[in-house]
Structure formats: C-alpha cells, structure tokens
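Note: the block below is run_33.txt and it holds compact mmCIF, C-alpha atoms.
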```
# COMPACT_ATOMS: atom_id res chain seq x y z
CA MET A 959 -15.69 -34.88 -50.28
CA GLN A 960 -16.23 -32.88 -47.07
CA GLU A 961 -12.50 -32.25 -46.68
CA GLN A 962 -12.38 -30.92 -50.26
CA ASN A 963 -15.22 -28.45 -49.58
CA THR A 964 -13.47 -27.27 -46.39
CA SER A 965 -10.26 -26.72 -48.34
CA LEU A 966 -12.10 -24.74 -51.01
CA SER A 967 -13.80 -22.65 -48.30
CA ASN A 968 -10.47 -21.80 -46.66
CA ALA A 969 -8.96 -20.89 -50.03
CA TYR A 970 -11.95 -18.67 -50.76
CA ASP A 971 -11.67 -16.88 -47.40
CA HIS A 972 -7.97 -16.30 -47.94
CA ALA A 973 -8.56 -14.92 -51.39
CA ALA A 974 -11.30 -12.62 -50.11
CA THR A 975 -8.98 -11.27 -47.43
CA VAL A 976 -6.26 -10.60 -50.00
CA ARG A 977 -8.75 -8.81 -52.27
CA PHE A 978 -9.98 -6.73 -49.34
CA PHE A 979 -6.53 -5.43 -48.44
CA ARG A 980 -5.62 -4.86 -52.11
CA ARG A 981 -8.71 -2.73 -52.46
CA TRP A 982 -8.34 -0.68 -49.27
CA TRP A 983 -4.60 -0.65 -48.59
CA LYS A 984 -4.22 3.02 -49.46
CA LEU A 985 -6.98 4.05 -47.06
CA LEU A 986 -5.66 1.77 -44.32
CA THR A 987 -2.14 3.13 -44.81
CA ALA A 988 -3.42 6.70 -44.61
CA VAL A 989 -5.38 5.92 -41.44
CA ALA A 990 -2.29 4.27 -39.89
CA VAL A 991 -0.07 7.26 -40.71
CA VAL A 992 -2.57 9.79 -39.38
CA ALA A 993 -3.22 7.73 -36.23
CA LEU A 994 0.50 7.29 -35.64
CA ALA A 995 1.06 11.04 -35.97
CA ALA A 996 -1.84 11.84 -33.63
CA SER A 997 -0.71 9.22 -31.09
CA THR A 998 2.84 10.59 -31.20
CA VAL A 999 1.63 14.11 -30.48
CA ALA A 1000 -0.63 12.85 -27.67
CA ALA A 1001 2.17 10.74 -26.17
CA PHE A 1002 4.54 13.71 -26.00
CA LEU A 1003 1.84 15.99 -24.57
CA ILE A 1004 1.41 13.69 -21.55
CA LYS A 1005 3.54 14.91 -18.67
CA PRO A 1006 6.05 12.24 -17.61
CA LEU A 1007 5.85 10.69 -14.14
CA TYR A 1008 8.85 9.48 -12.14
CA LYS A 1009 8.68 6.65 -9.64
CA SER A 1010 10.58 6.27 -6.38
CA SER A 1011 10.24 3.40 -3.92
CA ALA A 1012 11.16 2.81 -0.30
CA VAL A 1013 11.20 -0.69 1.20
CA ILE A 1014 10.83 -1.42 4.90
CA PHE A 1015 10.58 -4.50 7.10
CA PRO A 1016 8.13 -4.18 10.04
CA THR A 1017 9.62 -5.34 13.33
CA ASN A 1018 8.38 -6.95 16.52
CA SER A 1019 8.78 -3.68 18.39
CA ASN A 1020 5.29 -3.89 19.89
CA ARG A 1021 6.72 -6.69 22.05
CA LEU A 1022 10.00 -4.95 22.88
CA SER A 1023 9.38 -4.57 26.63
CA LYS A 1024 8.60 -8.26 26.99
CA ALA A 1025 11.58 -9.23 24.87
CA ILE A 1026 13.87 -7.19 27.13
CA MET A 1027 12.28 -7.86 30.54
CA GLY A 1028 10.73 -11.31 30.11
CA TYR A 1029 13.18 -14.16 30.56
CA HIS A 1030 10.80 -16.69 29.05
CA TYR A 1031 9.69 -14.60 26.10
CA SER A 1032 10.11 -16.64 22.91
CA LEU A 1033 10.59 -13.83 20.35
CA ASP A 1034 13.78 -11.83 19.96
CA PHE A 1035 13.19 -8.09 19.62
CA MET A 1036 15.83 -8.05 16.86
CA ASP A 1037 13.70 -10.35 14.68
CA TYR A 1038 12.02 -9.16 11.51
CA GLY A 1039 8.26 -8.95 11.55
CA ILE A 1040 6.05 -11.90 10.77
CA GLU A 1041 3.25 -11.96 8.21
CA ARG A 1042 0.78 -10.45 10.66
CA ASP A 1043 3.12 -7.50 11.33
CA CYS A 1044 3.45 -7.01 7.58
CA GLU A 1045 -0.32 -6.81 7.17
CA TYR A 1046 -0.56 -4.36 10.08
CA ALA A 1047 2.12 -2.19 8.45
CA ILE A 1048 0.26 -2.12 5.13
CA GLN A 1049 -2.94 -1.10 6.92
CA ILE A 1050 -1.21 1.75 8.76
CA LEU A 1051 0.67 2.95 5.67
CA SER A 1052 -2.59 2.95 3.67
CA SER A 1053 -4.69 4.58 6.40
CA LYS A 1054 -6.52 7.88 6.19
CA ARG A 1055 -4.33 9.26 8.98
CA MET A 1056 -1.27 8.62 6.85
CA GLN A 1057 -2.91 10.14 3.77
CA GLN A 1058 -3.96 13.24 5.70
CA ALA A 1059 -0.46 13.70 7.14
CA VAL A 1060 1.17 13.38 3.70
CA CYS A 1061 -1.33 15.70 1.99
CA GLU A 1062 -0.90 18.37 4.65
CA HIS A 1063 2.90 18.13 4.82
CA PHE A 1064 3.39 18.39 1.04
CA ASN A 1065 0.27 20.48 0.31
CA LEU A 1066 -0.74 17.95 -2.35
CA MET A 1067 -4.00 19.77 -3.06
CA GLU A 1068 -2.01 22.61 -4.60
CA HIS A 1069 0.73 20.34 -5.95
CA TYR A 1070 -1.79 18.30 -7.96
CA GLY A 1071 -3.37 21.50 -9.27
CA ILE A 1072 -6.80 20.95 -7.72
CA PRO A 1073 -8.72 24.28 -7.60
CA ALA A 1074 -9.66 25.52 -4.15
CA ASP A 1075 -13.27 26.10 -5.29
CA HIS A 1076 -13.67 22.66 -6.88
CA GLN A 1077 -16.95 21.09 -5.81
CA HIS A 1078 -15.44 17.65 -5.19
CA ARG A 1079 -11.88 18.67 -4.38
CA GLN A 1080 -11.44 16.14 -1.55
CA HIS A 1081 -12.68 13.27 -3.71
CA LYS A 1082 -10.38 14.34 -6.52
CA LEU A 1083 -7.45 14.49 -4.09
CA ASP A 1084 -8.26 10.98 -2.81
CA VAL A 1085 -8.34 9.58 -6.36
CA GLN A 1086 -5.08 11.31 -7.29
CA TYR A 1087 -3.37 10.19 -4.07
CA LYS A 1088 -4.38 6.54 -4.47
CA SER A 1089 -3.35 6.47 -8.13
CA ASN A 1090 0.08 7.96 -7.41
CA ILE A 1091 0.92 6.34 -4.07
CA THR A 1092 0.82 2.57 -3.60
CA VAL A 1093 1.71 0.25 -0.74
CA ARG A 1094 2.27 -3.45 -1.39
CA ARG A 1095 3.82 -6.48 0.26
CA THR A 1096 7.00 -7.85 -1.27
CA ASP A 1097 7.72 -11.55 -1.74
CA PHE A 1098 9.82 -11.64 1.44
CA LEU A 1099 7.40 -10.00 3.91
CA GLY A 1100 8.74 -6.52 3.30
CA VAL A 1101 6.56 -3.52 2.41
CA GLU A 1102 7.23 -1.36 -0.66
CA ILE A 1103 6.04 2.24 -0.75
CA GLY A 1104 5.84 3.41 -4.37
CA VAL A 1105 5.26 7.05 -5.36
CA LEU A 1106 4.67 8.50 -8.82
CA ASP A 1107 5.09 12.22 -9.39
CA GLN A 1108 5.97 14.70 -12.12
CA ASP A 1109 8.91 15.81 -9.97
CA ALA A 1110 11.45 13.05 -9.33
CA GLN A 1111 12.67 14.68 -6.10
CA TRP A 1112 9.12 15.04 -4.79
CA ALA A 1113 8.44 11.36 -5.47
CA ALA A 1114 11.50 10.36 -3.42
CA ASP A 1115 10.70 12.83 -0.62
CA ILE A 1116 7.11 11.61 -0.30
CA ALA A 1117 8.14 7.94 -0.19
CA ASN A 1118 10.77 8.62 2.50
CA TYR A 1119 8.33 10.77 4.50
CA ILE A 1120 5.73 7.98 4.51
CA ALA A 1121 8.35 5.50 5.71
CA ALA A 1122 9.38 7.88 8.51
CA MET A 1123 5.78 8.73 9.40
CA TYR A 1124 5.10 5.02 9.92
CA ASP A 1125 7.12 5.16 13.16
CA THR A 1126 5.13 8.15 14.38
CA LEU A 1127 1.75 6.52 13.78
CA CYS A 1128 2.88 3.24 15.36
CA HIS A 1129 4.17 5.10 18.40
CA ASP A 1130 0.88 6.99 18.78
CA ILE A 1131 -1.16 3.78 18.52
CA HIS A 1132 0.98 1.84 20.97
CA SER A 1133 1.26 4.75 23.42
CA ASP A 1134 -2.51 5.22 23.54
CA ARG A 1135 -3.03 1.51 24.12
CA ALA A 1136 -0.26 1.30 26.72
CA GLU A 1137 -1.55 4.36 28.58
CA SER A 1138 -5.01 2.85 28.92
CA ALA A 1139 -3.55 -0.48 30.00
CA ALA A 1140 -1.28 1.24 32.54
CA GLU A 1141 -4.23 2.96 34.19
CA VAL A 1142 -6.06 -0.35 34.51
CA MET A 1143 -2.95 -2.04 35.90
CA VAL A 1144 -2.53 0.61 38.60
CA GLU A 1145 -6.13 0.21 39.70
CA VAL A 1146 -5.82 -3.59 39.81
CA CYS A 1147 -2.55 -3.47 41.78
CA THR A 1148 -4.03 -1.01 44.27
CA ALA A 1149 -7.07 -3.22 44.79
CA MET A 1150 -4.84 -6.27 45.24
CA GLU A 1151 -2.69 -4.47 47.84
CA ARG A 1152 -5.81 -3.53 49.79
CA GLU A 1153 -7.01 -7.11 49.69
CA ILE A 1154 -3.67 -8.38 51.00
CA ASP A 1155 -3.74 -5.77 53.76
CA SER A 1156 -7.23 -6.85 54.76
CA LEU A 1157 -6.18 -10.50 54.90
CA SER A 1158 -3.23 -9.55 57.11
CA GLN A 1159 -5.67 -8.27 59.74
CA LEU A 1160 -7.26 -11.72 60.10
CA PRO A 1161 -6.10 -14.22 62.73
CA ALA A 1162 -3.05 -16.19 61.69
CA THR A 1163 -4.01 -19.55 60.19
CA PRO A 1164 -2.40 -21.84 57.59
CA TRP A 1165 -5.27 -20.99 55.22
CA ARG A 1166 -4.66 -17.24 55.63
CA THR A 1167 -0.90 -17.62 55.16
CA LYS A 1168 -1.36 -19.60 51.94
CA LEU A 1169 -3.95 -17.16 50.61
CA ILE A 1170 -1.71 -14.16 51.32
CA ALA A 1171 1.22 -15.91 49.62
CA ASP A 1172 -0.93 -16.58 46.52
CA LYS A 1173 -2.14 -12.98 46.45
CA CYS A 1174 1.43 -11.68 46.80
CA GLU A 1175 2.51 -13.84 43.89
CA GLN A 1176 -0.35 -12.50 41.77
CA LEU A 1177 0.53 -8.94 42.81
CA ALA A 1178 4.17 -9.45 41.81
CA ASP A 1179 3.06 -10.69 38.38
CA LEU A 1180 0.72 -7.72 37.96
CA GLN A 1181 3.45 -5.29 38.98
CA THR A 1182 5.79 -6.83 36.40
CA ARG A 1183 3.14 -6.40 33.71
CA SER A 1184 2.52 -2.84 34.88
CA THR A 1185 6.24 -2.06 34.56
CA GLN A 1186 6.28 -3.54 31.05
CA THR A 1187 3.26 -1.44 30.10
CA THR A 1188 4.94 1.69 31.47
CA VAL A 1189 8.02 0.89 29.38
CA ASP A 1190 5.84 0.43 26.29
CA LYS A 1191 4.17 3.79 26.93
CA GLY A 1192 7.49 5.63 26.87
CA LEU A 1193 9.17 3.75 24.03
CA THR A 1194 10.47 5.84 21.12
CA VAL A 1195 12.16 3.03 19.18
CA SER A 1196 11.74 2.42 15.48
CA TYR A 1197 9.04 0.00 14.39
CA LYS A 1198 10.75 -0.88 11.13
CA TYR A 1199 14.02 -1.68 9.39
CA SER A 1200 14.61 0.59 6.40
CA VAL A 1201 15.94 -1.68 3.68
CA ASP A 1202 15.91 0.77 0.75
CA THR A 1203 15.39 4.52 0.99
CA ALA A 1204 13.84 6.30 -1.97
CA THR A 1205 16.10 8.22 -4.35
CA PRO A 1206 15.12 10.52 -7.25
CA ALA A 1207 14.68 8.54 -10.47
CA ASP A 1208 16.65 9.62 -13.54
CA LYS A 1209 14.25 7.90 -15.97
CA LYS A 1210 10.52 8.36 -16.32
CA ALA A 1211 8.20 5.50 -15.41
CA TYR A 1212 5.15 6.79 -17.32
CA PRO A 1213 4.05 7.18 -20.06
CA LYS A 1214 5.42 4.42 -22.27
CA ARG A 1215 5.34 6.54 -25.41
CA LEU A 1216 6.13 3.72 -27.85
CA LEU A 1217 3.21 1.65 -26.53
CA ILE A 1218 0.87 4.63 -26.80
CA MET A 1219 1.95 5.32 -30.38
CA LEU A 1220 1.65 1.70 -31.52
CA GLY A 1221 -1.59 1.16 -29.59
CA GLY A 1222 -3.18 4.27 -31.09
CA MET A 1223 -2.14 3.31 -34.62
CA LEU A 1224 -3.27 -0.33 -34.38
CA GLY A 1225 -6.53 0.67 -32.70
CA ALA A 1226 -7.37 3.11 -35.48
CA VAL A 1227 -6.55 0.54 -38.17
CA VAL A 1228 -8.70 -2.13 -36.51
CA VAL A 1229 -11.65 0.27 -36.19
CA CYS A 1230 -11.22 1.26 -39.83
CA ILE A 1231 -11.20 -2.41 -40.94
CA PHE A 1232 -14.43 -3.14 -39.07
CA ALA A 1233 -16.05 -0.04 -40.54
CA LEU A 1234 -15.00 -1.07 -44.05
CA LEU A 1235 -16.33 -4.61 -43.52
CA LEU A 1236 -19.70 -3.22 -42.54
CA PHE A 1237 -19.64 -0.83 -45.49
CA VAL A 1238 -18.76 -3.61 -47.95
CA LYS A 1239 -21.43 -5.90 -46.48
CA LYS A 1240 -24.10 -3.21 -46.97
CA GLU A 1241 -23.00 -2.70 -50.57
CA ASP A 1242 -23.30 -6.42 -51.22
```
Conversion result in structure tokens:
Amino acid sequence: MQEQNTSLSNAYDHAATVRFFRRWWKLLTAVAVVALAASTVAAFLIKPLYKSSAVIFPTNSNRLSKAIMGYHYSLDFMDYGIERDCEYAIQILSSKRMQQAVCEHFNLMEHYGIPADHQHRQHKLDVQYKSNITVRRTDFLGVEIGVLDQDAQWAADIANYIAAMYDTLCHDIHSDRAESAAEVMVEVCTAMEREIDSLSQLPATPWRTKLIADKCEQLADLQTRSTQTTVDKGLTVSYKYSVDTATPADKKAYPKRLLIMLGGMLGAVVVCIFALLLFVKKED
C-alpha cells in the first residue's frame, strides 16, 4: 500500500512539473533568448587575455664552489634542484622584490590603466599583478611562470623577464651572504694565525708541537672555507635551467565566451523558474 502511494506521489510531481513548463514555456523561452543575447554582448565586450608560460628548473648553484673545490662533496653541480630548491625558487619568484622589479621595468601601473591619483593605486596594482602573474611548481620539481595580458607579446616578455630576473635576485642574495661570511672567515683566520704564532714562542715540548699541528690543521680548513666563500661571492653563474621560454600566444586564454553565454542563459532561466515557483505558491 505504501509503495502504491509513493508511486502516485511521483506521478503527481511529474505531472505538476509538466504542467508548470506548459504554462510558462513562452516566458522561459523569452528569458533564455534575452539572457543569451545579453551574455553574448557581455562576452564580446570583455577584452581577451593571452597567456604565456616559462618553465625553469632551479639548480644546486648555491653549492657550486663546494662542488668544484671539495673532493668529498656528494652533490654534482650539474644536478637539477631538489624539492627544497624548488620551494626557494617559488618564494623568490613570488617575492615583493620581484614584483617591484617587474612593475618598474614594464611600468605596469600605466599598462594596467591605474590612474596616478587613485587613492589605493598600489593595492590595485598588487591585486592586478597577482591575478595576472602566477608561479607554481610542476609535477617534476620545475617552476612554471604564467602571465596573462591583453597583449600576447607583453605576456611573453614579462614571463621571460621574470625568469631572467631570478638569476639576478639569487646572485644578490648569495653575494650578500657570502660577503658577510667572508669577513667573518678573515677575522677567524687572522685570530688563528696569531694564536699559532704565540704558541711558537713557547718552549719546545711534545704538547706544544701537537697543539700547533692541530691549530695548523684547523687553519688550513678555515682557509679552504674562506676561499670557497670568496668564490661564492664572485660567482655570476645561472641558478636555473631554462626548460621552456615564453612565446607570444596566438590564441586567447580568457574569456571562454561560450561558457559565459551558456552560464548567463542558464542562470537567468533558473532564477526565473524560482521566481515563478514563488509566484505560483503565493497564488495558491
């Protein structure tokens, strides 16, 4: 008996739905046509954006001096970067220093049409920059730099500039660190040499001879590290492998006009159906 009532209920609901669309199909069709026309106009008014991408692999270049000078160093300087190097690269490519360099080089404030007297012009530039320029890790520990722009050539130029600027920022970071380390190394080596000289003035004993030998060995190790640090300070090598350089796209990436047209039409029809259901319910 319960199954029969359920069947009757389903039949009733189906019949009500059919009656609803028979009653309002003209209105729904008109709404769909108008919405489709409006969505089509809106879709073609949106300026198209072109996407260009550059892909790089970060390298182990921050260990280049050790790889060249250290006989027992385990990593080859020709190796690709590991996951940690990939994360470092993403951080540098997404940094404010990178954003500032790109915005100044391409004058993006003017390119994006942001008025000079806009109250929140810097915030608007940040939002526009982050929506148009993305940095992500690929499945194979590479880094993809994606750029959207109304000008296909500009999109490619910006992506390639960011990839090139990565070397500059890495060099600045490593040079600053190496310079500070080199200064410390020189001071430590000088102090060690003075200590060895002072020990040499003491009377000759087996204890003194052994101590001087140990200090000389430590000094040699420090001098090797100091030389490596000096090499790091002057390095101008690339910190990446460029896998794919960006080229101007010949097909727009945004907007997807067909999706906008269908989405606008279906959205308007759905809203109209809900409005009609409320209207019919009030009448009842």
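Nearest to A:Cys1128 of all the residues A:Val1201, A:Ala1233, A:Met1056, A:Leu985 is A:Met1056, based on only C-alpha atoms.
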### Message
I need the residue nearest A:Gln1080 from this list: A:Gln1058, A:Ala1113, A:Gln1176, A:Leu1007. Use all atoms listed in the file for the distance.
### Response
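Checking each candidate against A:Gln1080, we get A:Gln1058 as the closest.
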### Summary
Using all atoms listed in the file, the best pick from A:Val1101, A:Ala1001, A:Val989, A:Met1067 as closest to A:Gln1049 would be A:Val1101
### Query
In Å to one decimal, how far is atom CA of A:Asp1115 from atom CA of A:Gly1071?
18.7 Å
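Minimum atom-to-atom distance to A:Val1144, evaluated using only C-alpha atoms, belongs to A:Leu1180 out of A:Leu1180, A:Lys1209, A:Leu1216, A:Phe978.
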### Task
State, in Å with one decimal place, the distance from atom CA of A:Gly1222 to atom CA of A:Val991.
10.5 Å
### Task
Name the residues in contact with A:Ile1091 at a cut-off of 6 Å, using all atoms listed in the file, excluding same-chain residues fewer than 2 positions from it; report them as a list in words.
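After dropping sequence-adjacent residues, the list is Tyr1087, Lys1088, Ser1089, Gly1104 and Val1105 of chain A.
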### Summary
Across A:Lys1173, A:Lys1198, A:Arg1166, A:Arg1183, the smallest distance to A:Val1142, with only C-alpha atoms counted, is shown by A:Arg1183
### Task
Between A:Cys1061, A:Arg980, A:Gln1077, A:Met1143, single out the one closest to A:Thr1185, counting all atoms listed in the file.
A:Met1143
### Task
Find the residues around A:Arg981 up to 12 Å (all atoms listed in the file counted), leave out those fewer than 6 positions away in its own chain, and share them as number ranges by chain.
A: 974-975, 987, 1231, 1234-1235, 1238
Output file for the residues above (C-alpha atoms, as a compact mmCIF listing (two decimals), in the frame of the given file):
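Dumped to result-v1.txt:
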```txt
# COMPACT_ATOMS: atom_id res chain seq x y z
CA ALA A 974 -11.30 -12.62 -50.11
CA THR A 975 -8.98 -11.27 -47.43
CA THR A 987 -2.14 3.13 -44.81
CA ILE A 1231 -11.20 -2.41 -40.94
CA LEU A 1234 -15.00 -1.07 -44.05
CA LEU A 1235 -16.33 -4.61 -43.52
CA VAL A 1238 -18.76 -3.61 -47.95
```
#### Entry: For atom CA of A:Ala1211 and atom CA of A:Pro1006, the interatomic separation in Å (one decimal)
7.4 Å
### Task
List every protein, DNA or RNA residue that has at least one atom no more than 12 Å from (3.7, -9.8, 0.2) in the file's coordinates, counting all atoms listed in the file, and write the result as a PyMOL selection string.
chain A and resi 1013-1015+1040-1045+1047-1048+1093-1102
